[in-house]
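For reference, data_16.cif is printed below; it contains mmCIF, C-alpha atoms.
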```cif
data_work
loop_
_atom_site.label_atom_id
_atom_site.label_comp_id
_atom_site.auth_asym_id
_atom_site.auth_seq_id
_atom_site.Cartn_x
_atom_site.Cartn_y
_atom_site.Cartn_z
CA MET A 284 -39.19 -116.95 -77.60
CA ALA A 285 -38.50 -117.12 -73.85
CA LYS A 286 -36.71 -120.19 -72.60
CA LEU A 287 -37.67 -122.04 -69.47
CA SER A 288 -35.18 -121.93 -66.63
CA SER A 289 -34.63 -124.85 -64.31
CA GLU A 290 -36.76 -123.07 -61.71
CA ASP A 291 -39.61 -122.68 -64.24
CA LYS A 292 -39.44 -126.39 -65.02
CA ARG A 293 -39.54 -127.24 -61.34
CA LEU A 294 -42.56 -124.99 -60.78
CA LEU A 295 -44.28 -126.53 -63.80
CA ARG A 296 -43.80 -130.09 -62.54
CA SER A 297 -44.98 -129.10 -59.07
CA PHE A 298 -48.07 -127.32 -60.44
CA ILE A 299 -49.16 -130.26 -62.61
CA LYS A 300 -48.62 -132.70 -59.74
CA THR A 301 -50.58 -130.56 -57.26
CA GLU A 302 -53.40 -129.24 -59.45
CA LYS A 303 -53.75 -132.25 -61.78
CA ALA A 304 -54.11 -129.77 -64.66
CA ILE A 305 -52.00 -128.18 -67.40
CA PRO A 306 -51.28 -124.49 -66.69
CA VAL A 307 -52.21 -122.19 -69.58
CA GLY A 308 -51.84 -118.41 -69.78
CA VAL A 309 -54.23 -116.53 -72.06
CA ASP A 310 -54.02 -112.87 -73.01
CA LEU A 311 -57.63 -111.96 -73.78
CA ALA A 312 -58.79 -109.61 -76.52
CA LYS A 313 -61.83 -109.00 -78.69
CA ASP A 314 -60.69 -110.97 -81.74
CA VAL A 315 -57.10 -112.18 -81.24
CA PHE A 316 -56.18 -114.40 -78.26
CA GLN A 317 -52.60 -115.18 -77.26
CA VAL A 318 -52.14 -118.64 -75.70
CA CYS A 319 -49.04 -119.70 -73.78
CA TYR A 320 -48.28 -123.13 -72.26
CA CYS A 321 -45.58 -125.76 -72.08
CA ASP A 322 -46.27 -128.92 -74.07
CA PRO A 323 -46.35 -131.73 -71.47
CA GLU A 324 -45.01 -134.28 -73.97
CA THR A 325 -42.14 -132.39 -75.61
CA GLY A 326 -41.43 -129.81 -72.89
CA VAL A 327 -41.45 -127.05 -75.54
CA LEU A 328 -42.93 -123.68 -74.60
CA LYS A 329 -45.66 -122.69 -77.06
CA ASN A 330 -46.89 -119.14 -77.47
CA PHE A 331 -49.30 -118.60 -80.36
CA GLN A 332 -52.34 -116.61 -81.51
CA LEU A 333 -55.88 -117.78 -82.21
CA ASN A 334 -58.81 -115.84 -83.58
CA ARG A 335 -62.08 -115.82 -81.65
CA ASP A 336 -63.74 -118.77 -83.41
CA SER A 337 -60.57 -120.88 -83.30
CA PHE A 338 -60.09 -120.09 -79.62
CA PHE A 339 -63.62 -121.24 -78.78
CA GLU A 340 -62.99 -124.46 -80.69
CA TRP A 341 -59.59 -125.04 -79.08
CA SER A 342 -60.59 -124.28 -75.47
CA GLY A 343 -64.02 -125.90 -75.65
CA GLY A 344 -62.53 -129.36 -76.17
CA SER A 345 -59.69 -131.28 -74.54
CA PRO A 346 -56.38 -130.02 -75.98
CA PHE A 347 -54.40 -132.26 -73.61
CA GLY A 348 -56.56 -135.37 -73.66
CA ALA A 349 -57.85 -136.45 -70.26
CA MET A 350 -55.83 -133.76 -68.45
CA PRO A 351 -57.90 -130.57 -67.98
CA MET A 352 -56.48 -127.06 -68.19
CA CYS A 353 -56.01 -124.48 -65.47
CA VAL A 354 -56.39 -121.24 -67.42
CA ALA A 355 -55.05 -117.94 -66.10
CA ILE A 356 -56.45 -114.67 -67.46
CA GLU A 357 -56.06 -110.99 -66.59
CA ALA A 358 -58.74 -109.13 -64.71
CA CYS A 359 -60.66 -107.17 -67.36
CA GLY A 360 -64.16 -106.36 -68.52
CA SER A 361 -64.86 -109.84 -69.90
CA CYS A 362 -62.99 -111.93 -67.30
CA ASN A 363 -66.18 -113.01 -65.51
CA PHE A 364 -67.65 -114.38 -68.75
CA TRP A 365 -64.48 -116.26 -69.65
CA ALA A 366 -64.09 -117.69 -66.15
CA ARG A 367 -67.61 -119.13 -66.37
CA TYR A 368 -66.95 -120.38 -69.91
CA PHE A 369 -63.78 -122.28 -68.96
CA ARG A 370 -65.52 -123.85 -65.99
CA SER A 371 -68.43 -124.96 -68.16
CA ALA A 372 -65.92 -126.57 -70.55
CA GLY A 373 -64.50 -128.70 -67.72
CA HIS A 374 -61.44 -126.59 -66.96
CA SER A 375 -60.52 -124.38 -64.02
CA CYS A 376 -59.83 -120.66 -64.31
CA ARG A 377 -58.03 -118.06 -62.24
CA VAL A 378 -58.48 -114.33 -62.71
CA LEU A 379 -55.20 -112.57 -61.86
CA PRO A 380 -54.77 -108.87 -60.98
CA VAL A 381 -52.80 -106.99 -63.62
CA ILE A 382 -50.50 -105.41 -61.04
CA ARG A 383 -49.43 -108.88 -59.83
CA ILE A 384 -48.66 -110.09 -63.34
CA LYS A 385 -46.25 -107.23 -64.06
CA ALA A 386 -43.79 -108.63 -61.52
CA HIS A 387 -43.41 -111.76 -63.66
CA MET A 388 -42.84 -110.06 -66.99
CA GLN A 389 -39.54 -111.00 -68.64
CA SER A 390 -39.14 -107.68 -70.47
CA THR A 391 -40.03 -104.01 -70.14
CA SER A 392 -41.42 -104.17 -73.68
CA LYS A 393 -45.08 -105.02 -74.22
CA SER A 394 -46.54 -107.43 -76.71
CA ASP A 395 -49.17 -110.16 -76.71
CA LYS A 396 -46.48 -112.85 -76.41
CA ILE A 397 -44.80 -111.15 -73.47
CA ASP A 398 -48.16 -110.64 -71.74
CA ALA A 399 -49.24 -114.25 -72.22
CA PHE A 400 -45.92 -115.54 -70.92
CA GLY A 401 -46.16 -113.25 -67.88
CA ILE A 402 -49.67 -114.54 -67.15
CA TRP A 403 -48.43 -118.13 -67.45
CA LYS A 404 -45.50 -117.43 -65.10
CA SER A 405 -47.83 -115.77 -62.59
CA LEU A 406 -50.04 -118.86 -62.59
CA LEU A 407 -47.06 -121.10 -61.80
CA SER A 408 -46.12 -118.79 -58.92
CA TYR A 409 -49.64 -119.04 -57.42
CA VAL A 410 -50.42 -115.34 -57.61
CA SER A 411 -53.58 -114.63 -55.62
CA SER A 412 -56.62 -114.65 -57.88
CA ILE A 413 -59.80 -112.57 -57.96
CA VAL A 414 -63.17 -114.15 -57.27
CA PRO A 415 -65.16 -114.24 -60.55
CA LYS A 416 -68.79 -113.17 -60.46
CA GLU A 417 -71.76 -115.37 -61.20
CA PRO A 418 -74.19 -114.24 -63.97
CA LEU A 419 -76.72 -112.62 -61.61
CA ALA A 420 -73.99 -110.93 -59.58
CA ALA A 421 -72.33 -109.64 -62.76
CA ALA A 422 -75.68 -108.29 -64.00
CA VAL A 423 -76.34 -106.52 -60.68
CA SER A 424 -72.81 -105.08 -60.76
CA GLY A 425 -73.40 -103.76 -64.28
CA MET A 426 -76.66 -102.15 -63.21
CA ILE A 427 -74.95 -100.49 -60.22
CA SER A 428 -72.20 -99.14 -62.50
CA VAL A 429 -74.73 -97.65 -64.92
CA ARG A 430 -76.65 -96.09 -62.03
CA GLU A 431 -73.44 -94.51 -60.72
CA LEU A 432 -72.72 -93.15 -64.21
CA VAL A 433 -76.16 -91.51 -64.44
CA ALA A 434 -75.77 -90.07 -60.93
CA ARG A 435 -72.39 -88.56 -61.85
CA GLN A 436 -73.80 -87.06 -65.04
CA LYS A 437 -76.63 -85.48 -63.04
CA VAL A 438 -74.14 -83.89 -60.64
CA GLN A 439 -72.05 -82.69 -63.59
CA CYS A 440 -75.09 -80.94 -65.08
CA GLN A 441 -75.86 -79.30 -61.74
CA ASN A 442 -72.24 -78.12 -61.51
CA ALA A 443 -72.52 -76.78 -65.07
CA ALA A 444 -75.58 -74.75 -64.00
CA ARG A 445 -73.59 -73.43 -61.04
CA ALA A 446 -70.79 -72.43 -63.44
CA VAL A 447 -73.25 -70.56 -65.70
CA LEU A 448 -74.53 -68.64 -62.69
CA TYR A 449 -70.97 -67.83 -61.64
CA GLU A 450 -70.32 -66.37 -65.11
CA MET A 451 -73.29 -64.11 -64.42
CA GLY A 452 -71.64 -62.93 -61.20
CA ILE A 453 -73.87 -65.06 -58.96
CA ALA A 454 -72.33 -67.38 -56.36
CA CYS A 455 -74.85 -70.17 -55.90
CA TYR A 456 -74.54 -72.14 -52.65
CA ALA A 457 -77.63 -74.26 -53.24
CA SER A 458 -77.30 -77.98 -53.79
CA GLY A 459 -79.15 -80.54 -55.88
CA ASN A 460 -82.02 -79.44 -58.07
CA ALA A 461 -82.13 -76.07 -56.28
CA VAL A 462 -79.26 -74.98 -58.53
CA ILE A 463 -81.47 -75.46 -61.60
CA GLU A 464 -84.27 -73.51 -59.91
CA LYS A 465 -81.87 -70.64 -59.20
CA LEU A 466 -80.77 -70.64 -62.84
CA ASN A 467 -84.42 -70.61 -63.96
CA THR A 468 -85.11 -67.59 -61.76
CA GLU A 469 -82.13 -65.61 -63.07
CA VAL A 470 -82.79 -66.44 -66.75
CA ASN A 471 -86.48 -65.49 -66.39
CA ARG A 472 -85.41 -62.17 -64.90
CA LEU A 473 -83.11 -61.49 -67.86
CA MET A 474 -85.86 -62.40 -70.31
CA GLU A 475 -88.26 -59.96 -68.63
CA GLU A 476 -85.58 -57.27 -68.90
CA LYS A 477 -85.11 -58.23 -72.59
CA SER A 478 -81.39 -58.58 -72.05
CA PRO A 479 -79.28 -59.73 -75.05
CA GLN A 480 -77.87 -62.47 -72.79
CA ALA A 481 -81.31 -64.00 -72.27
CA GLN A 482 -81.54 -66.13 -75.42
CA PRO A 483 -78.23 -68.06 -75.16
CA LEU A 484 -78.63 -68.46 -71.40
CA ASN A 485 -82.18 -69.70 -71.88
CA ALA A 486 -80.94 -72.34 -74.34
CA ALA A 487 -78.34 -73.48 -71.78
CA ARG A 488 -80.99 -73.47 -69.04
CA LEU A 489 -83.35 -75.67 -71.08
CA MET A 490 -80.63 -78.20 -71.91
CA LEU A 491 -79.53 -78.48 -68.29
CA ARG A 492 -83.10 -78.58 -66.94
CA ASP A 493 -84.23 -81.31 -69.33
CA THR A 494 -81.09 -83.39 -68.79
CA VAL A 495 -81.31 -83.20 -65.00
CA SER A 496 -85.03 -84.01 -65.14
CA SER A 497 -84.36 -87.04 -67.35
CA HIS A 498 -81.55 -88.28 -65.09
CA THR A 499 -83.73 -87.80 -62.02
CA ALA A 500 -86.50 -89.95 -63.54
CA VAL A 501 -83.99 -92.66 -64.49
CA LEU A 502 -82.51 -92.69 -60.98
CA GLU A 503 -85.96 -92.96 -59.42
CA LYS A 504 -86.70 -96.03 -61.54
CA ALA A 505 -83.30 -97.51 -60.67
CA ASN A 506 -83.88 -96.93 -56.95
CA THR A 507 -87.29 -98.60 -57.21
CA TYR A 508 -85.68 -101.66 -58.78
CA LEU A 509 -82.94 -101.65 -56.12
CA ARG A 510 -85.52 -101.66 -53.32
CA GLU A 511 -87.47 -104.48 -55.00
CA PHE A 512 -84.31 -106.56 -55.51
CA ALA A 513 -83.14 -105.94 -51.94
CA SER A 514 -86.49 -107.03 -50.50
CA SER A 515 -86.56 -110.20 -52.62
CA SER A 516 -82.99 -111.31 -51.75
CA GLU A 517 -82.38 -113.02 -48.41
CA LEU A 518 -78.74 -111.89 -48.45
CA CYS A 519 -79.71 -108.25 -48.97
CA ARG A 520 -82.33 -108.45 -46.23
CA ASN A 521 -79.70 -109.76 -43.82
CA LEU A 522 -77.22 -107.07 -44.87
CA MET A 523 -79.82 -104.35 -44.26
CA THR A 524 -79.97 -105.38 -40.58
CA ILE A 525 -76.44 -103.92 -40.21
CA PRO A 526 -76.67 -100.33 -38.91
CA GLY A 527 -76.13 -97.83 -41.71
CA VAL A 528 -76.63 -100.33 -44.55
CA GLY A 529 -79.68 -99.60 -46.69
CA PRO A 530 -81.08 -101.11 -49.91
CA VAL A 531 -78.57 -99.38 -52.22
CA SER A 532 -75.59 -100.41 -50.08
CA ALA A 533 -76.87 -103.98 -49.73
CA VAL A 534 -77.37 -104.41 -53.49
CA THR A 535 -73.96 -102.83 -54.18
CA LEU A 536 -72.28 -105.39 -51.88
CA TYR A 537 -74.35 -108.27 -53.24
CA PRO A 538 -72.11 -109.18 -56.26
CA ALA A 539 -69.12 -109.93 -54.01
CA LEU A 540 -70.90 -111.28 -50.94
CA SER A 541 -73.15 -113.63 -52.91
CA ARG A 542 -70.06 -115.89 -52.93
CA ALA A 543 -68.68 -114.99 -49.52
CA GLY A 544 -67.22 -118.48 -49.14
CA ASP A 545 -64.62 -117.69 -51.80
CA PHE A 546 -62.99 -115.24 -49.36
CA PRO A 547 -60.98 -117.12 -46.71
CA ASP A 548 -61.94 -114.70 -43.95
CA SER A 549 -63.36 -111.26 -43.29
CA ARG A 550 -60.00 -109.50 -43.64
CA HIS A 551 -59.63 -110.81 -47.18
CA PHE A 552 -63.00 -109.29 -48.06
CA ALA A 553 -62.14 -105.98 -46.36
CA SER A 554 -58.91 -105.88 -48.36
CA TYR A 555 -60.80 -106.73 -51.56
CA ALA A 556 -63.23 -103.88 -50.86
CA GLY A 557 -60.31 -101.52 -50.20
CA VAL A 558 -61.05 -100.61 -46.56
CA ALA A 559 -58.38 -102.72 -44.81
CA PRO A 560 -55.30 -100.82 -43.61
CA LEU A 561 -51.94 -101.61 -45.15
CA VAL A 562 -49.62 -103.48 -42.77
CA THR A 563 -45.86 -103.29 -43.24
CA GLY A 564 -42.83 -104.09 -41.12
CA THR A 565 -39.27 -105.30 -40.96
CA GLY A 566 -36.84 -106.33 -38.28
CA GLY A 567 -39.61 -107.48 -35.98
CA LYS A 568 -41.36 -104.10 -36.05
CA THR A 569 -44.82 -103.94 -37.60
CA ARG A 570 -46.59 -100.74 -38.61
CA VAL A 571 -50.23 -100.29 -39.53
CA LEU A 572 -50.54 -97.64 -42.23
CA GLY A 573 -53.58 -95.95 -43.70
CA VAL A 574 -56.25 -97.39 -45.98
CA LYS A 575 -54.82 -98.09 -49.41
CA SER A 576 -56.17 -96.40 -52.53
CA THR A 577 -56.90 -99.66 -54.35
CA GLY A 578 -60.14 -101.59 -54.18
CA SER A 579 -63.63 -101.12 -55.52
CA ARG A 580 -64.83 -97.51 -55.61
CA GLU A 581 -68.45 -98.62 -55.30
CA PHE A 582 -67.73 -100.79 -52.25
CA LYS A 583 -65.63 -98.12 -50.55
CA LYS A 584 -68.31 -95.50 -51.16
CA VAL A 585 -71.17 -97.45 -49.57
CA LEU A 586 -69.01 -98.72 -46.70
CA PHE A 587 -67.77 -95.24 -45.81
CA MET A 588 -71.32 -93.87 -46.05
CA ALA A 589 -72.46 -96.57 -43.61
CA ALA A 590 -69.46 -95.72 -41.42
CA LEU A 591 -70.45 -92.03 -41.35
CA VAL A 592 -73.99 -92.94 -40.28
CA ASN A 593 -72.64 -95.04 -37.41
CA TYR A 594 -70.07 -92.41 -36.48
CA LYS A 595 -72.73 -89.72 -36.08
CA ARG A 596 -74.89 -92.11 -34.07
CA LEU A 597 -72.21 -93.53 -31.77
CA LYS A 598 -70.30 -90.33 -30.96
CA LYS A 599 -73.45 -89.10 -29.15
CA LYS A 600 -73.72 -92.34 -27.17
CA PRO A 601 -71.68 -91.90 -23.94
CA GLY A 602 -71.04 -95.59 -23.30
CA SER A 603 -70.03 -96.59 -26.83
CA ALA A 604 -66.53 -97.79 -27.70
CA LEU A 605 -66.26 -95.06 -30.35
CA SER A 606 -67.10 -92.22 -27.95
CA ARG A 607 -64.48 -93.53 -25.51
CA ALA A 608 -61.89 -93.67 -28.31
CA LEU A 609 -62.69 -90.07 -29.30
CA ARG A 610 -62.26 -88.94 -25.68
CA GLU A 611 -58.86 -90.67 -25.64
CA GLY A 612 -57.77 -88.51 -28.60
CA LYS A 613 -58.40 -90.76 -31.59
CA ALA A 614 -58.87 -88.76 -34.80
CA PRO A 615 -62.39 -88.86 -36.29
CA ALA A 616 -61.02 -89.86 -39.71
CA VAL A 617 -59.25 -92.84 -38.13
CA MET A 618 -62.43 -93.96 -36.37
CA ILE A 619 -64.51 -93.62 -39.57
CA SER A 620 -61.98 -95.78 -41.43
CA ALA A 621 -62.06 -98.30 -38.59
CA LEU A 622 -65.85 -98.39 -38.77
CA ALA A 623 -65.80 -98.93 -42.54
CA ASN A 624 -63.36 -101.80 -42.04
CA ARG A 625 -65.54 -103.28 -39.28
CA ILE A 626 -68.73 -102.96 -41.35
CA ALA A 627 -67.04 -104.78 -44.24
CA ARG A 628 -66.03 -107.61 -41.90
CA VAL A 629 -69.49 -107.76 -40.34
CA ALA A 630 -71.07 -107.84 -43.81
CA TRP A 631 -68.86 -110.80 -44.75
CA ALA A 632 -69.80 -112.61 -41.52
CA VAL A 633 -73.51 -111.98 -42.15
CA ALA A 634 -73.24 -113.28 -45.71
CA LYS A 635 -71.15 -116.28 -44.66
CA SER A 636 -73.48 -117.32 -41.84
CA GLY A 637 -76.73 -116.52 -43.63
CA SER A 638 -78.11 -114.91 -40.47
CA PRO A 639 -78.97 -111.28 -39.59
CA TYR A 640 -76.63 -108.88 -37.79
CA ASP A 641 -76.02 -109.54 -34.09
CA ALA A 642 -75.13 -106.34 -32.20
CA ALA A 643 -73.84 -108.30 -29.17
CA ARG A 644 -70.92 -109.64 -31.22
CA CYS A 645 -69.64 -106.26 -32.44
CA SER A 646 -68.51 -103.92 -29.67
CA LEU A 647 -67.31 -101.08 -31.92
CA MET A 648 -70.77 -100.58 -33.43
CA SER A 649 -72.77 -100.72 -30.19
#
```
Would you mind giving the structure from this file in structure tokens?
Amino acid sequence: MAKLSSEDKRLLRSFIKTEKAIPVGVDLAKDVFQVCYCDPETGVLKNFQLNRDSFFEWSGGSPFGAMPMCVAIEACGSCNFWARYFRSAGHSCRVLPVIRIKAHMQSTSKSDKIDAFGIWKSLLSYVSSIVPKEPLAAAVSGMISVRELVARQKVQCQNAARAVLYEMGIACYASGNAVIEKLNTEVNRLMEEKSPQAQPLNAARLMLRDTVSSHTAVLEKANTYLREFASSSELCRNLMTIPGVGPVSAVTLYPALSRAGDFPDSRHFASYAGVAPLVTGTGGKTRVLGVKSTGSREFKKVLFMAALVNYKRLKKKPGSALSRALREGKAPAVMISALANRIARVAWAVAKSGSPYDAARCSLMS
């Protein structure tokens, strides 16, 4: 078992004094939970396992009497549920990024005990935490993820149809459902010619056609629900006043921006979304690098789509700040990234203020 250093003991005393809570690190799982904390009475570090029922019983009460717990957990699929559960039980909870916890691991080996101790150490070091989602926001996020999955599967089927045509010596440049129509035409031609290839290709055609048709119907229903949700939500209606942001983009941003106050400022949200440039420097010299690869794929997708819409609109506007920057030699990719960053910041400001978009306060997008 790991021993506490003098620095660990100092951090522990400081944390309890500041937070008025006992720090606890929990390595989550489906059935076995690893709990790590330092006993405030004996000063002994405890690191033990509990099954699911025992963990609910232990965490639902008051293990340390009147002193509540500050529970640290890793960001994972169930972290939003557990964050809400700990709060409902009278404790506080912090969701920590996995990449930040690795820096506090005491060993290169991996086990539940090592993970729980690393989470506990990260909590003492005040590693920046992730904003947990509320039930409605988590449900909307789940729906968006499923919609993206169906959309990807539809594109995969269309690419499979294009591959079948390529095996037949046909280079198909059509997009969307036109690929399926092209495959239908070619298979019907082979069937009329009574080619031996017709039967297997017809079976492939039917599978792809039916699957794409089913996915299209599901996406239409999902888009209908998205439009209804966007029109019923004041936050989404305000977000849709931002140029380039439509119902799908507004609902996609809703899970994070529904609690915009949990982000200290707009840059924190842009960094969370993955559209803020990485800043590095040493010796008094600061460099602004490109956009980092981390962040939410869904957020980055809708923000860059909105940025492309504004880029196409503003580059034709002679007096716009973007057209002037392009004339000065700025690369289009740089300006699109800058627009995505600006849209993320504007979206945070709109959500924070509760008011629609004001074009007079954003020079880059006017």
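Atom CA of A:Ser541 to atom CA of A:Ala553 spans 14.9 Å [interatomic distance, one decimal].
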Separation of atom CA of A:Pro530 from atom CA of A:Arg596 in Å = 19.2 Å
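Within 8 Å of stretch 368-382 of chain A, once only C-alpha atoms are used and residues closer than 4 positions along the same chain are dropped, the contacting residues are Ser342, Gly343, Gly344, Pro351, Met352, Cys353, Val354, Ala355, Ile356, Glu357, Ala358, Cys362, Phe364, Ala386, Ile402, Val410, Ser411, Ser412, Ile413, Val414 and Pro415 of chain A.
One finds atom CA of A:Ala627 at 11.2 Å from atom CA of A:Asp548.
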Exercise: stretch 321-332 of chain A partners within 9 Å, all atoms listed in the file, chain neighbours under 3 positions left out, as a VMD selection string = chain A and resid 284 to 287 292 295 305 to 307 315 to 318 338 347 395 to 396 399 to 400
Using all atoms listed in the file: which of A:Met388, A:Met588, A:Val531, A:Val429 has the shortest distance to A:Asn506 |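 The shortest atom-to-atom distance to A:Asn506 comes from A:Val531.
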Nearest candidate to A:Pro418 (options A:Leu518, A:Ala486, A:Ala539, A:Ala443; using only C-alpha atoms) |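 Of A:Leu518, A:Ala486, A:Ala539, A:Ala443, the one nearest A:Pro418 is A:Ala539, counting only C-alpha atoms.
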List the residues selected by the PyMOL selection byres ((chain A and resi 589) around 10) in the file shown, writing them as an MDAnalysis selection string.
-> chainID A and resid 525:529 532 583:588 590:594 619 622:623 626:627
Considering only C-alpha atoms, return as a ChimeraX atom specification whatever protein or nucleic-acid residues lie within 9 Å of stretch 604-609 of chain A, sequence-local ones (same chain, fewer than 3 positions apart) excluded.
-> /A:594,597-601,612-615,618,646-649
Given the PyMOL selection byres ((chain A and resi 574) around 6), the residues it picks as JSON, numbers by chain = {"A": [558, 559, 560, 573, 575]}
To verify the selection step, state as a ChimeraX atom specification which residues the PyMOL selection byres ((chain A and resi 537) around 8) yields on this input.
-> /A:420,423,518-519,533-536,538-541
So which one's closest to A:Ser458, A:Asn471, A:Asn442, A:Thr391, A:Asn485? Using only C-alpha atoms, please.
-> A:Asn442
For A:Leu522, which residue out of A:Glu340, A:Glu302, A:Asp641, A:Asp310 is the nearest one, using all atoms listed in the file?
-> A:Asp641
